[in-house]
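What follows is one structure encoded as structure tokens, with my remarks underneath.
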Amino acid sequence: MRLAISIMMALGLLAAGANAKTPYHDGTAEVIKPKDKDHPLGEVVSGYDFRKAMIRDVQDDDFANPAMLVADYGEEQWTKVEGTAGKSMSEVFQGCAEVPLNTVGAVYPRYHSAGGKVMTLEQVINMCRETAMGAKPYKWESREMLGLTAFIKLQSRGSRLEVAIDGPASKTFERGKELYYTRFGQLDMSCAHCHEDNYGNYIRADMLSQGQTNGFPLYRLKWNGVGSVHRRFRGCLENIRAAKPPYGHEDLVALELYTAWRGNGLKVETPAYRN
Amino acid sequence: MKKNLEMREISRRHALGMIVAAGSVVATGMPAFADGAAVASKIKGLTGAKSIGEGSIELDLPEIAENGNAVKVAFSIDSPMTSDNYVKTVHVMADGNPTPDVASFNFTPAMGACSASTRMRLAKTQNIIVLAEMSDGSFKQAQSIVKVTIGGCGG
Amino acid sequence: MTKIKPRVKVPSKAAVGEMLEIKALISHPMHTGRAKDKKGNKIPRKIINKFSASFDGQDVFSANFEPAVSANPYIAFPFKATKSGEFKFTWVEDGGAEFTATKTMTVS
């Protein structure tokens with residue numbers, strides 16, 4: 001008990017003073033009340049609102065946000081004719097995605113009927129390239145894939161996340177939930193320890209957010225570049241000294257669906273800018 | 001809502017607490033910085049040991065930078081920017097980086113105003129010095145401390 | 001170098017005497033020469049070392065960048081609109097490679 005108190009005090013000491021400059025602590029953040037009774041959080045807040053002005057100001061300006069450069073590159077891939085079918089992604093995407101272009105950022109990942117499973121946008125893009133374009137698939141973290149997913153999700157920017165977890169997606173959702181609360185690695189920690197139990201507090205000098213995914217793919221200062229949510233998951237697993245599944249692994253897909261659901265109601269911010 | 005702590009969780013949280021306590025030192029201010037001498041010598045080289053004025057320079061820097069990779073640095077200098085009275089060059093220096101030079105900016109009266117904004121890398125908490133050279137050969141200077149914190153995690 | 005085009009903000013229309021803020025952003029890793037790759041070898045320095053802006057053929061503004069400038073260098077600067085014309089922006093990389101962007105502005 002004494003240990004717990006001293007830890008709380010240490011956390012509290014760091015939390016004082018510097019907190020006041022984030023919208024979450026100032027009370028100016030947009031706070032979403034989850035509609036779902038079973039939602040573990042009483043309030044849903046974007047990672048944007050856990051950052052200081054220096055970081056938020058960059059995201060607010062499309063001419064300062066380096067993630068927009070990658071989205072621009074994605075736009076070039078969107079209209080580029082590639083593959084044996086002589087088509088561009090823009091011509092075939094609607095048929096592949098199963099939902100309108102300007103909703104993709106709000107509803108993915110989702111159960112895909114043609115694919116027969118919950119799929120991320122990356123997986124659908126590659127399925128599209130292979131089947132509809134006769135083109136080679138992109139590597140998950142390639143600039144082409146990051147650019148294209150950024151560009152496509154950008155078309156939903158400002159609309160609210162609304163991923164479906166019922167029906168054929170429910171098994172994947174349950175798996176994602178299980179993973180979120182499972183302890184991993186030598187540090188024996190789960191996602192919840194930081195992002196549910198301690199959001200708004202500090203870990204060393206980083207303020208913890210709720211770990212929402214409404215801005216991915218996004219630019220991280222830590223990466224000096226744009227990365228996918230799978231990169232983020234893998235990085236965190238590495239930090240707690242756990243084994244990392246490969247990009248696109250079904251467990252990462254399940255975690256992506258589950259964490260997206262935790263953020264339902266938040267505005268799509270892709271391509272975001274974070275610490 | 002925080003969950004009740006079990007015995008097993010306390011031992012892991014103890015580790016977290018130790019990491020957190022160690023990290024608390026980072027954010028506090030630091031006295032003198034690594035290379036005030038390099039900056040002073042650079043300034044002397046630029047100004048020829050002329051006296052440097054103050055005033056007219058407004059700095060826009062964060063007090064605490066969450067990440068040292070891309071710290072906003074911006075300034076605005078009050079000047080009529082006419083052909084016989086304008087700011088020629090502004091030098092930005094950081095005295096705690098491996099080398100002090102960050103960038104320099106060259107202005108012309110056609111711009112109508114003197115300001116600029118960019119992003120810089122800071123290795124640690126340090127002074128940022130902005131030195132402005134006027135068209136009449138005089139100099140002005142301003143400086144400010146930026147605290148740079150080290151992140152905790154995040155892959 | 002990069003396959004990504006720069007982003008430049010220049011208003012397409014402005015009023016005479018209006019004070020504008022011009023913004024320019026380009027994709028570039030800005031290798032400082034200090035970082036090491038996964039094998040432990042130093043990544044050689046390669047940065048954008050100069051940015052310049054000209055309007056109607058006249059040099060207006062320039063900046064010299066050192067390795068302390070962040071990756072994907074961003075610059076914003078003021079410009080007073082007086083007449084219509086074309087902006088030309090040039091980024092120069094260590095070694096001499098140049099990247100350019102142009103934008104026209106109508107001033108009335």
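Order determines the names: the first chain of the structure tokens is A, the second B, and so forth; residues in each chain are numbered 1 upward, and ligands are numbered 1 upward as they are shown.
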* chain B residues near chain C (6 Å cut-off, only C-alpha atoms) as a list in words ->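 The contacting residues on chain B are Ala70, Val102, Ala103, Ser104, Phe105, Asn106, Phe107, Thr108, Met111, Gly112, Ser115, Ala116, Ser117, Thr118, Arg119, Met120 and Arg121 of chain B.
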* To do: Please return, as an NGL selection string, all residues of chain A lying within 6 Å of chain B when only C-alpha atoms are considered.
  => :A and (7 or 10 or 197 or 203-206 or 232 or 235-236)
Export C-alpha atoms of the chosen residues as a PDB file, in the first residue's frame?
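Result file is out.pdb:
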```
ATOM      1  CA  ILE A   7       4.108   5.993  -6.764  1.00  0.00           C
ATOM      2  CA  ALA A  10       5.633  10.621  -7.810  1.00  0.00           C
ATOM      3  CA  ASP A 197      -5.367   3.315 -15.990  1.00  0.00           C
ATOM      4  CA  ILE A 203       5.592   8.191 -17.927  1.00  0.00           C
ATOM      5  CA  ARG A 204       8.980   9.829 -17.461  1.00  0.00           C
ATOM      6  CA  ALA A 205       8.267  13.087 -19.279  1.00  0.00           C
ATOM      7  CA  ASP A 206       5.735  11.771 -21.808  1.00  0.00           C
ATOM      8  CA  ARG A 232       2.873   1.718 -33.204  1.00  0.00           C
ATOM      9  CA  GLY A 235       6.959  -0.483 -31.120  1.00  0.00           C
ATOM     10  CA  CYS A 236       5.107  -0.600 -27.855  1.00  0.00           C
TER      11      CYS A 236
END
```
* **Nearby residues (only C-alpha atoms) at most 10 Å from segment 118-123 of chain A, same-chain spacing under 5 positions excluded, as number ranges by chain** => A: 97, 104-105, 107-113, 128-129, 137-141, 145-146, 148-149, 152-153, 165, 168-173, 228, 248, 250, 252-254, 256-257
* Those of segment 3-174 of chain A in DSSP alpha helix (DSSP H), formatted as a ChimeraX atom specification -> /A:3-15,23-26,53-59,67-79,89-97,104-107,121-128,143-154,170-174
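Ranking A:Lys35, A:Arg234, A:Lys117, A:His193 by their shortest atom-to-atom distance to Gly167 of chain A, with only C-alpha atoms included, puts A:Lys117 first.
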* Asked: What's the 10 Å shell around segment 4-9 of chain C, counting only C-alpha atoms, without same-chain residues fewer than 4 positions away, as an MDAnalysis selection string?
  -> (chainID A and resid 62:66 68:74 76 143) or (chainID C and resid 21:28 72 74:76 89 91 99:103)
* Asked: Between atom CA of Glu93 of chain C and atom CA of Pro98 of chain B, what is the spacing in Å?
  -> 21.2 Å
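For the choices A:Gly200, A:Gly147, A:Gly86, A:Gly263, the atom-to-atom distance to chain C is smallest for A:Gly147 when using only C-alpha atoms.
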* Asked: Quick one, how far is atom CA of Met207 of chain A from atom CA of Lys177 of chain A?
  ->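 Distance between the two atoms: 23.6 Å.
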* For atom CA of Lys38 of chain C and atom CA of Tyr273 of chain A, the interatomic separation in Å (one decimal) ->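 Separation of atom CA of Lys38 of chain C and atom CA of Tyr273 of chain A: 25.2 Å.
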* To do: Would you kindly return, as number ranges by chain, each protein, DNA or RNA residue with an atom no farther than 10 Å from any atom of Leu161 of chain A, considering only C-alpha atoms and excluding same-chain residues fewer than 6 positions away?
  => A: 103-108, 213-214, 260-269
Output the selection as a PDB file, in the first residue's frame - C-alpha atoms for each residue.
```pdb
ATOM      1  CA  THR A 103     -16.417   6.900 -45.170  1.00  0.00           C
ATOM      2  CA  VAL A 104     -13.400   4.583 -45.233  1.00  0.00           C
ATOM      3  CA  GLY A 105     -11.511   6.426 -42.496  1.00  0.00           C
ATOM      4  CA  ALA A 106     -14.529   6.217 -40.207  1.00  0.00           C
ATOM      5  CA  VAL A 107     -15.475   2.555 -40.664  1.00  0.00           C
ATOM      6  CA  TYR A 108     -12.231   0.660 -41.167  1.00  0.00           C
ATOM      7  CA  THR A 213      -6.172   5.426 -33.310  1.00  0.00           C
ATOM      8  CA  ASN A 214      -8.277   8.117 -34.981  1.00  0.00           C
ATOM      9  CA  ALA A 260     -10.793   1.742 -33.098  1.00  0.00           C
ATOM     10  CA  TRP A 261     -14.003   0.812 -31.276  1.00  0.00           C
ATOM     11  CA  ARG A 262     -12.630   2.397 -28.089  1.00  0.00           C
ATOM     12  CA  GLY A 263     -12.362   5.607 -30.102  1.00  0.00           C
ATOM     13  CA  ASN A 264     -15.800   5.507 -31.753  1.00  0.00           C
ATOM     14  CA  GLY A 265     -17.193   9.030 -31.731  1.00  0.00           C
ATOM     15  CA  LEU A 266     -13.825  10.734 -32.165  1.00  0.00           C
ATOM     16  CA  LYS A 267     -13.199  12.706 -35.322  1.00  0.00           C
ATOM     17  CA  VAL A 268     -10.933  11.142 -37.941  1.00  0.00           C
ATOM     18  CA  GLU A 269      -7.714  13.211 -37.852  1.00  0.00           C
TER      19      GLU A 269
END
```
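The shell of residues at most 7 Å from Ala29 of chain A, with only C-alpha atoms counted and near chain neighbours (fewer than 4 positions) removed, consists of A:Pro23, A:Tyr24, A:Asp49.
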* Quick one: pick out all strand (DSSP E) residues within chain C from a backbone DSSP run and write them as a ChimeraX atom specification. => /C:7-9,13-14,19-25,48-55,58-65,74-80,85-93,98-107
